[in-house]
file start.txt (compact mmCIF, C-alpha atoms and all ligand atoms)
# COMPACT_ATOMS: atom_id res chain seq x y z
CA MET K 18 53.31 7.76 -53.97
CA LYS K 19 52.77 4.33 -52.49
CA ARG K 20 49.31 3.96 -51.07
CA LYS K 21 48.52 1.29 -48.49
CA PRO K 22 46.36 -1.39 -50.15
CA PHE K 23 42.79 -1.57 -48.87
CA LEU K 24 40.91 -4.84 -49.27
CA ALA K 25 37.22 -4.73 -48.39
CA GLY K 26 34.54 -7.41 -48.36
CA ASN K 27 30.97 -6.38 -49.10
CA TRP K 28 28.73 -9.18 -47.84
CA LYS K 29 25.61 -7.60 -49.38
CA MET K 30 22.45 -9.41 -48.17
CA ASN K 31 24.22 -12.69 -47.48
CA LEU K 32 25.23 -14.90 -44.56
CA ASP K 33 23.47 -15.15 -41.20
CA ARG K 34 24.50 -14.29 -37.66
CA LYS K 35 26.38 -17.53 -37.02
CA SER K 36 28.21 -17.76 -40.33
CA GLY K 37 29.05 -14.04 -40.22
CA VAL K 38 30.65 -14.34 -36.80
CA GLU K 39 32.51 -17.49 -37.85
CA LEU K 40 33.78 -15.75 -40.96
CA VAL K 41 35.03 -12.71 -39.07
CA ARG K 42 36.74 -14.92 -36.47
CA ALA K 43 38.57 -16.75 -39.23
CA LEU K 44 39.53 -13.43 -40.82
CA ARG K 45 40.86 -11.95 -37.60
CA ASP K 46 43.17 -14.94 -37.15
CA GLY K 47 44.07 -14.93 -40.82
CA VAL K 48 45.10 -11.28 -40.95
CA ALA K 49 46.77 -11.18 -37.54
CA GLY K 50 50.21 -10.71 -39.04
CA VAL K 51 49.14 -8.52 -41.93
CA GLY K 52 50.03 -4.91 -41.12
CA ASP K 53 50.86 -3.53 -44.52
CA ARG K 54 47.29 -3.49 -45.84
CA ASP K 55 43.92 -2.40 -44.53
CA VAL K 56 41.09 -4.91 -44.30
CA ALA K 57 37.39 -4.29 -43.73
CA VAL K 58 34.14 -6.22 -43.90
CA PHE K 59 30.69 -4.80 -44.62
CA PRO K 60 27.98 -7.02 -43.05
CA PRO K 61 24.23 -6.34 -43.09
CA PHE K 62 23.06 -3.75 -40.51
CA VAL K 63 21.53 -6.21 -38.04
CA TYR K 64 24.81 -8.06 -37.57
CA LEU K 65 27.09 -5.03 -37.26
CA ASP K 66 27.09 -4.83 -33.49
CA GLU K 67 28.02 -8.46 -33.07
CA ILE K 68 30.56 -8.45 -35.88
CA VAL K 69 32.26 -5.38 -34.39
CA ARG K 70 32.62 -7.25 -31.11
CA ALA K 71 33.92 -10.35 -32.87
CA ALA K 72 36.50 -8.24 -34.71
CA ALA K 73 37.55 -6.14 -31.68
CA GLY K 74 41.28 -5.87 -31.13
CA SER K 75 42.09 -7.21 -34.60
CA ASN K 76 43.15 -5.69 -37.89
CA VAL K 77 39.67 -6.18 -39.32
CA ARG K 78 37.59 -2.99 -39.55
CA VAL K 79 33.82 -3.14 -39.83
CA GLY K 80 31.70 -1.01 -42.13
CA ALA K 81 28.06 -0.60 -43.09
CA GLN K 82 26.70 -1.00 -46.61
CA ASN K 83 24.60 2.15 -46.46
CA LEU K 84 23.54 5.02 -44.18
CA CYS K 85 20.86 7.70 -43.97
CA ASP K 86 21.50 11.17 -45.34
CA GLU K 87 19.90 12.66 -42.24
CA LYS K 88 21.20 12.78 -38.69
CA ASN K 89 18.12 11.69 -36.73
CA GLY K 90 14.37 12.03 -36.64
CA ALA K 91 11.34 10.72 -38.47
CA PHE K 92 13.05 8.56 -41.11
CA THR K 93 11.46 5.16 -40.70
CA GLY K 94 13.72 2.28 -41.60
CA GLU K 95 16.90 4.35 -41.81
CA VAL K 96 20.16 4.18 -39.87
CA SER K 97 22.36 7.22 -39.17
CA ALA K 98 26.12 7.64 -39.20
CA GLU K 99 25.99 8.34 -35.46
CA MET K 100 24.19 5.04 -34.80
CA LEU K 101 26.83 3.22 -36.81
CA ARG K 102 29.61 4.90 -34.83
CA ASP K 103 27.76 4.09 -31.63
CA VAL K 104 28.17 0.36 -32.25
CA GLY K 105 31.80 0.69 -33.31
CA VAL K 106 31.42 0.84 -37.08
CA THR K 107 34.23 2.82 -38.71
CA HIS K 108 33.47 2.65 -42.46
CA VAL K 109 30.49 2.99 -44.77
CA LEU K 110 29.77 2.33 -48.44
CA VAL K 111 28.00 5.06 -50.38
CA GLY K 112 26.56 4.79 -53.87
CA HIS K 113 27.14 1.10 -54.50
CA SER K 114 25.71 0.35 -57.93
CA GLU K 115 23.02 -1.85 -56.41
CA ARG K 116 21.85 1.14 -54.36
CA ARG K 117 21.95 3.35 -57.44
CA GLN K 118 20.26 0.90 -59.78
CA LEU K 119 17.81 -1.01 -57.58
CA TYR K 120 16.92 1.72 -55.09
CA GLY K 121 17.16 4.76 -57.29
CA GLU K 122 19.94 6.55 -55.42
CA GLY K 123 21.20 9.46 -57.49
CA ASP K 124 24.30 11.58 -57.27
CA GLU K 125 22.75 14.23 -55.02
CA LEU K 126 21.57 11.69 -52.46
CA CYS K 127 24.96 9.98 -52.58
CA ASN K 128 26.62 13.33 -51.96
CA ARG K 129 24.43 13.98 -48.92
CA LYS K 130 25.36 10.53 -47.62
CA VAL K 131 29.06 11.23 -48.12
CA VAL K 132 28.68 14.50 -46.21
CA ARG K 133 26.73 12.81 -43.40
CA GLY K 134 29.12 9.88 -43.17
CA LEU K 135 32.08 12.20 -42.76
CA ALA K 136 30.24 14.45 -40.31
CA GLY K 137 29.38 11.36 -38.28
CA GLY K 138 33.04 10.39 -38.09
CA LEU K 139 33.04 7.53 -40.58
CA HIS K 140 35.44 6.66 -43.39
CA VAL K 141 33.42 6.69 -46.61
CA ILE K 142 33.93 4.46 -49.63
CA LEU K 143 32.24 6.24 -52.54
CA CYS K 144 31.44 3.78 -55.34
CA VAL K 145 31.29 4.79 -58.99
CA GLY K 146 30.93 2.75 -62.16
CA GLU K 147 29.39 2.59 -65.60
CA THR K 148 26.86 0.14 -67.00
CA LEU K 149 27.65 -1.99 -70.03
CA GLU K 150 25.45 0.22 -72.18
CA GLU K 151 27.34 3.29 -71.01
CA ARG K 152 30.69 1.65 -71.74
CA ASP K 153 29.56 0.48 -75.16
CA SER K 154 28.50 4.00 -76.06
CA ASN K 155 31.84 5.46 -74.90
CA ARG K 156 30.33 7.25 -71.95
CA THR K 157 32.42 5.58 -69.23
CA GLU K 158 34.52 8.63 -68.41
CA HIS K 159 31.56 10.97 -68.54
CA VAL K 160 29.56 8.79 -66.13
CA ILE K 161 32.26 7.99 -63.59
CA GLY K 162 33.58 11.55 -63.72
CA ARG K 163 30.11 12.88 -62.98
CA GLN K 164 29.50 10.38 -60.15
CA LEU K 165 32.84 11.31 -58.59
CA THR K 166 32.48 15.07 -58.97
CA LYS K 167 28.90 15.21 -57.73
CA GLY K 168 29.56 12.66 -55.00
CA LEU K 169 32.35 14.80 -53.57
CA ALA K 170 30.61 18.17 -53.97
CA GLY K 171 31.37 20.41 -50.99
CA ILE K 172 33.94 18.01 -49.51
CA ASP K 173 37.12 19.84 -48.57
CA ALA K 174 40.61 18.48 -49.16
CA GLY K 175 41.10 18.01 -45.43
CA SER K 176 38.41 15.31 -45.40
CA LEU K 177 39.90 13.28 -48.22
CA GLU K 178 41.96 11.14 -45.88
CA ARG K 179 38.64 9.64 -44.76
CA ILE K 180 37.50 8.88 -48.29
CA THR K 181 38.21 5.93 -50.54
CA ILE K 182 36.89 5.68 -54.08
CA ALA K 183 35.75 2.33 -55.47
CA TYR K 184 35.62 1.95 -59.23
CA GLU K 185 33.13 -0.82 -59.93
CA PRO K 186 32.02 -1.29 -63.51
CA VAL K 187 28.43 -2.50 -63.18
CA TRP K 188 28.90 -5.13 -65.89
CA ALA K 189 31.67 -6.75 -63.84
CA ILE K 190 29.76 -7.08 -60.57
CA GLY K 191 28.73 -10.63 -59.77
CA THR K 192 29.15 -11.67 -63.39
CA GLY K 193 32.53 -13.40 -63.17
CA ARG K 194 33.67 -10.98 -65.84
CA ASN K 195 36.25 -8.68 -64.28
CA ALA K 196 37.60 -5.62 -66.05
CA THR K 197 40.92 -6.23 -67.75
CA THR K 198 43.94 -4.66 -66.12
CA ALA K 199 44.02 -2.18 -69.00
CA GLN K 200 40.38 -1.19 -68.50
CA ALA K 201 40.83 -0.84 -64.74
CA GLY K 202 44.04 1.12 -65.22
CA GLU K 203 42.42 3.54 -67.66
CA ALA K 204 39.42 4.20 -65.43
CA HIS K 205 41.51 4.62 -62.29
CA ARG K 206 43.92 6.98 -64.03
CA TYR K 207 41.00 8.99 -65.30
CA LEU K 208 39.43 9.19 -61.82
CA ARG K 209 42.73 10.30 -60.32
CA GLY K 210 42.94 13.03 -62.96
CA VAL K 211 39.45 14.21 -62.04
CA LEU K 212 40.47 14.28 -58.37
CA SER K 213 43.53 16.29 -59.29
CA GLY K 214 41.30 18.85 -61.01
CA LEU K 215 38.87 18.97 -58.09
CA TYR K 216 41.62 19.31 -55.49
CA ASP K 217 45.29 19.18 -56.43
CA GLU K 218 47.81 16.62 -57.52
CA ARG K 219 49.05 15.86 -54.03
CA ALA K 220 45.53 15.19 -52.74
CA ALA K 221 44.70 13.09 -55.81
CA ASP K 222 47.87 11.11 -55.32
CA SER K 223 47.14 10.19 -51.73
CA ILE K 224 43.54 8.98 -52.13
CA ARG K 225 43.00 5.27 -52.58
CA ILE K 226 40.97 3.95 -55.50
CA GLN K 227 39.75 0.37 -55.13
CA TYR K 228 38.70 -1.79 -58.02
CA GLY K 229 35.54 -3.89 -57.63
CA GLY K 230 33.76 -6.39 -59.85
CA SER K 231 34.47 -10.14 -59.82
CA VAL K 232 37.72 -9.85 -57.88
CA LYS K 233 38.87 -13.39 -57.07
CA PRO K 234 42.01 -14.98 -55.60
CA ASP K 235 43.27 -15.72 -59.11
CA ASN K 236 42.95 -12.20 -60.55
CA VAL K 237 43.63 -9.96 -57.54
CA ALA K 238 47.42 -9.86 -57.91
CA ALA K 239 47.25 -8.76 -61.54
CA LEU K 240 44.71 -6.04 -60.73
CA MET K 241 46.69 -4.83 -57.73
CA ALA K 242 49.79 -4.57 -59.91
CA VAL K 243 48.10 -1.84 -61.96
CA PRO K 244 49.67 1.47 -60.82
CA ASP K 245 46.47 3.32 -59.91
CA VAL K 246 44.69 0.35 -58.33
CA ASP K 247 45.06 0.62 -54.55
CA GLY K 248 42.73 -2.05 -53.30
CA ALA K 249 39.70 -4.16 -54.00
CA LEU K 250 36.04 -4.09 -53.06
CA VAL K 251 35.04 -7.74 -53.11
CA GLY K 252 31.53 -9.18 -53.13
CA GLY K 253 31.07 -12.90 -53.75
CA ALA K 254 34.64 -13.92 -52.93
CA SER K 255 34.48 -12.18 -49.53
CA LEU K 256 31.83 -14.57 -48.22
CA LYS K 257 34.28 -17.39 -47.52
CA ALA K 258 37.32 -17.06 -45.30
CA ASP K 259 39.67 -18.96 -47.58
CA SER K 260 38.92 -16.94 -50.70
CA PHE K 261 38.85 -13.54 -48.96
CA LEU K 262 42.07 -14.32 -47.08
CA ALA K 263 43.70 -15.37 -50.34
CA ILE K 264 42.67 -11.99 -51.76
CA VAL K 265 43.90 -10.07 -48.70
CA ARG K 266 47.23 -11.90 -48.83
CA TYR K 267 47.77 -11.48 -52.58
CA LYS K 268 51.43 -11.32 -53.58
P1 LIG A 301 31.49 -9.12 -56.84
O1 LIG A 301 30.84 -7.79 -56.18
O2 LIG A 301 32.90 -9.22 -56.29
O3 LIG A 301 30.61 -10.24 -56.39
O4 LIG A 301 31.50 -8.91 -58.31
C1 LIG A 301 31.58 -6.62 -56.03
C2 LIG A 301 30.76 -5.54 -55.39
O5 LIG A 301 29.56 -5.40 -55.73
O6 LIG A 301 31.25 -4.78 -54.54
call {"tool": "encode", "arguments": {"input": "start.txt", "output": "structure tokens", "more": "lines below"}}
Ligand code: PGA
result
Amino acid sequence: MKRKPFLAGNWKMNLDRKSGVELVRALRDGVAGVGDRDVAVFPPFVYLDEIVRAAAGSNVRVGAQNLCDEKNGAFTGEVSAEMLRDVGVTHVLVGHSERRQLYGEGDELCNRKVVRGLAGGLHVILCVGETLEERDSNRTEHVIGRQLTKGLAGIDAGSLERITIAYEPVWAIGTGRNATTAQAGEAHRYLRGVLSGLYDERAADSIRIQYGGSVKPDNVAALMAVPDVDGALVGGASLKADSFLAIVRYK
């Protein structure tokens, strides 16, 4: 099955209001004619409202980098799926490795966030990935299989059309050292096999699996040519219009 490529830019804690709006304006012009791939940006929370308005009417979707696992109430500092929807956000990242590693988010919390994101009407990108130590000790499949299985616990097949998986080896994020096409291909194939076991082959075949970790204009085409790679989750290279547009328009 041919899956529509999905290119996403995770701004992390970068840019400011002015440069974020300028970037999204440049992207909306730059992707105006691009209908055969999905494009989304993930700005910091405080800029979401304004970025959604700047992107309105274009092919650029806007997502949040995180959400609360609760719907509302006494959760100081948190933001719910409903609040994100309220300002026009359509997508959300769950379980990015920086959330897992720096903020201690485990599989159960990630699962609750997936559930909440879907219940709140969002499209969820669930991120999985192994550390260098885990890869070196041959635990890659064990780790990403566990993150995927636990992350999707209780999610029915009917919700899968609002889920994307991002495979992001931790050792490749922000290091300039991307996974080889063989490494990405192996991991993506493995994840699709796990999905097939959790659901069925048809469901596994239709879900998109993005690769993330030092995706740049000069390596995106080779990664996207790998059969099970259906998109890219881009950090550093999504902060400038020319490099992100070059990635979105890969040939
Ligand atoms: P990078 O980040 O492209 O800067 O490696 C990817 C990510 O963390 O999503």
call {"tool": "residues_near_ligand", "arguments": {"input": "start.txt", "ligand": "ligand LIG 301 (chain A)", "cutoff": "9 Å", "atoms": "all atoms listed in the file", "output": "VMD selection string"}}
result
chain K and resid 25 to 29 113 to 115 144 183 185 187 to 195 228 to 233 249 to 255
call {"tool": "atom_distance", "arguments": {"input": "start.txt", "atom1": "CA of Glu125 in chain K", "atom2": "CA of Ala170 in chain K"}}
result
8.9 Å
call {"tool": "residues_near_point", "arguments": {"input": "start.txt", "point": "(44.9, -8.3, -53.7)", "cutoff": "6 Å", "atoms": "only C-alpha atoms", "output": "PyMOL selection string"}}
result
chain K and resi 237-238+241+264-265+267
call {"tool": "write_last_selection", "arguments": {"input": "start.txt", "atoms": "C-alpha atoms", "output": "short mmCIF file (atom, residue, chain, number, x, y, z; two decimals), in the coordinates of the input"}}
result
data_model
loop_
_atom_site.label_atom_id
_atom_site.label_comp_id
_atom_site.auth_asym_id
_atom_site.auth_seq_id
_atom_site.Cartn_x
_atom_site.Cartn_y
_atom_site.Cartn_z
CA VAL K 237 43.63 -9.96 -57.54
CA ALA K 238 47.42 -9.86 -57.91
CA MET K 241 46.69 -4.83 -57.73
CA ILE K 264 42.67 -11.99 -51.76
CA VAL K 265 43.90 -10.07 -48.70
CA TYR K 267 47.77 -11.48 -52.58
#
call {"tool": "atom_distance", "arguments": {"input": "start.txt", "atom1": "CA of Val132 in chain K", "atom2": "CA of Glu147 in chain K"}}
result
22.8 Å
call {"tool": "closest_residue", "arguments": {"input": "start.txt", "among": "K:Glu203, K:Ser154, K:Lys88, K:Leu135", "to": "Ser176 in chain K", "atoms": "only C-alpha atoms"}}
result
K:Leu135
call {"tool": "closest_residue", "arguments": {"input": "start.txt", "among": "K:Gly146, K:Gly168, K:Gly105, K:Gly175", "to": "Asp124 in chain K", "atoms": "only C-alpha atoms"}}
result
K:Gly168
call {"tool": "closest_residue", "arguments": {"input": "start.txt", "among": "K:Asn128, K:Leu262, K:Tyr216, K:Val38", "to": "Asp66 in chain K", "atoms": "all atoms listed in the file"}}
result
K:Val38
call {"tool": "atom_distance", "arguments": {"input": "start.txt", "atom1": "CA of Leu40 in chain K", "atom2": "CA of Glu95 in chain K"}}
result
26.3 Å
call {"tool": "closest_residue", "arguments": {"input": "start.txt", "among": "K:Gly162, K:Gly123, K:Gly171, K:Gly134", "to": "Leu84 in chain K", "atoms": "only C-alpha atoms"}}
result
K:Gly134
call {"tool": "closest_residue", "arguments": {"input": "start.txt", "among": "K:Ala204, K:Leu24, K:Met30, K:Ala43", "to": "Val56 in chain K", "atoms": "all atoms listed in the file"}}
result
K:Leu24
call {"tool": "residues_near_point", "arguments": {"input": "start.txt", "point": "(52.4, 10.2, -54.9)", "cutoff": "9 Å", "atoms": "all atoms listed in the file", "output": "VMD selection string"}}
result
chain K and resid 18 to 20 218 to 223
call {"tool": "write_last_selection", "arguments": {"input": "start.txt", "atoms": "C-alpha atoms", "output": "compact mmCIF listing (two decimals), in the coordinates of the input"}}
result
# COMPACT_ATOMS: atom_id res chain seq x y z
CA MET K 18 53.31 7.76 -53.97
CA LYS K 19 52.77 4.33 -52.49
CA ARG K 20 49.31 3.96 -51.07
CA GLU K 218 47.81 16.62 -57.52
CA ARG K 219 49.05 15.86 -54.03
CA ALA K 220 45.53 15.19 -52.74
CA ALA K 221 44.70 13.09 -55.81
CA ASP K 222 47.87 11.11 -55.32
CA SER K 223 47.14 10.19 -51.73
call {"tool": "closest_residue", "arguments": {"input": "start.txt", "among": "K:Arg70, K:Ile142, K:Asn155, K:Val243", "to": "Thr198 in chain K", "atoms": "only C-alpha atoms"}}
result
K:Val243
call {"tool": "decode", "arguments": {"input": "start.txt", "residues": "range 99-120 of chain K", "atoms": "N, CA, C and O atoms", "output": "short mmCIF file (atom, residue, chain, number, x, y, z; two decimals), in the first residue's frame"}}
result
data_model
loop_
_atom_site.label_atom_id
_atom_site.label_comp_id
_atom_site.auth_asym_id
_atom_site.auth_seq_id
_atom_site.Cartn_x
_atom_site.Cartn_y
_atom_site.Cartn_z
N GLU K 99 -8.46 19.20 24.74
CA GLU K 99 -9.59 20.06 24.39
C GLU K 99 -9.13 21.51 24.20
O GLU K 99 -9.63 22.21 23.32
N MET K 100 -8.20 21.96 25.04
CA MET K 100 -7.68 23.33 24.89
C MET K 100 -6.93 23.47 23.57
O MET K 100 -7.02 24.51 22.90
N LEU K 101 -6.21 22.43 23.22
CA LEU K 101 -5.47 22.47 21.95
C LEU K 101 -6.45 22.55 20.78
O LEU K 101 -6.29 23.37 19.88
N ARG K 102 -7.48 21.72 20.83
CA ARG K 102 -8.50 21.75 19.78
C ARG K 102 -9.17 23.12 19.71
O ARG K 102 -9.49 23.62 18.65
N ASP K 103 -9.38 23.68 20.88
CA ASP K 103 -10.08 24.96 20.98
C ASP K 103 -9.37 26.06 20.20
O ASP K 103 -10.00 26.97 19.68
N VAL K 104 -8.04 25.99 20.12
CA VAL K 104 -7.31 27.01 19.36
C VAL K 104 -6.96 26.53 17.96
O VAL K 104 -6.17 27.16 17.26
N GLY K 105 -7.54 25.40 17.54
CA GLY K 105 -7.35 24.98 16.16
C GLY K 105 -6.21 24.03 15.91
O GLY K 105 -5.86 23.74 14.76
N VAL K 106 -5.62 23.52 16.99
CA VAL K 106 -4.55 22.54 16.85
C VAL K 106 -5.16 21.19 16.44
O VAL K 106 -6.21 20.80 16.95
N THR K 107 -4.50 20.50 15.51
CA THR K 107 -5.05 19.23 15.02
C THR K 107 -4.20 18.02 15.39
O THR K 107 -4.68 16.89 15.32
N HIS K 108 -2.93 18.25 15.74
CA HIS K 108 -2.00 17.14 15.96
C HIS K 108 -1.28 17.30 17.31
O HIS K 108 -1.18 18.41 17.83
N VAL K 109 -0.76 16.21 17.81
CA VAL K 109 0.04 16.31 19.04
C VAL K 109 1.11 15.21 19.06
O VAL K 109 0.86 14.10 18.58
N LEU K 110 2.28 15.57 19.56
CA LEU K 110 3.35 14.58 19.75
C LEU K 110 3.18 13.94 21.13
O LEU K 110 2.88 14.64 22.10
N VAL K 111 3.39 12.65 21.19
CA VAL K 111 3.39 11.97 22.49
C VAL K 111 4.65 11.11 22.59
O VAL K 111 5.02 10.41 21.64
N GLY K 112 5.30 11.20 23.75
CA GLY K 112 6.43 10.31 24.01
C GLY K 112 7.70 10.63 23.24
O GLY K 112 8.52 9.75 23.00
N HIS K 113 7.86 11.91 22.87
CA HIS K 113 9.15 12.28 22.25
C HIS K 113 10.27 11.89 23.22
O HIS K 113 10.10 11.99 24.45
N SER K 114 11.39 11.51 22.70
CA SER K 114 12.46 11.00 23.59
C SER K 114 12.90 12.03 24.60
O SER K 114 13.33 11.69 25.70
N GLU K 115 12.79 13.32 24.25
CA GLU K 115 13.17 14.34 25.24
C GLU K 115 12.18 14.36 26.40
O GLU K 115 12.55 14.64 27.54
N ARG K 116 10.91 14.08 26.12
CA ARG K 116 9.93 13.96 27.21
C ARG K 116 10.24 12.71 28.05
O ARG K 116 10.16 12.73 29.27
N ARG K 117 10.57 11.64 27.37
CA ARG K 117 10.83 10.39 28.10
C ARG K 117 12.10 10.52 28.94
O ARG K 117 12.13 10.14 30.11
N GLN K 118 13.15 11.06 28.33
CA GLN K 118 14.45 11.07 29.01
C GLN K 118 14.61 12.21 30.01
O GLN K 118 15.14 12.01 31.09
N LEU K 119 14.17 13.42 29.64
CA LEU K 119 14.42 14.59 30.49
C LEU K 119 13.31 14.81 31.50
O LEU K 119 13.53 15.42 32.54
N TYR K 120 12.11 14.33 31.18
CA TYR K 120 10.97 14.60 32.08
C TYR K 120 10.34 13.31 32.61
O TYR K 120 9.24 13.33 33.16
#
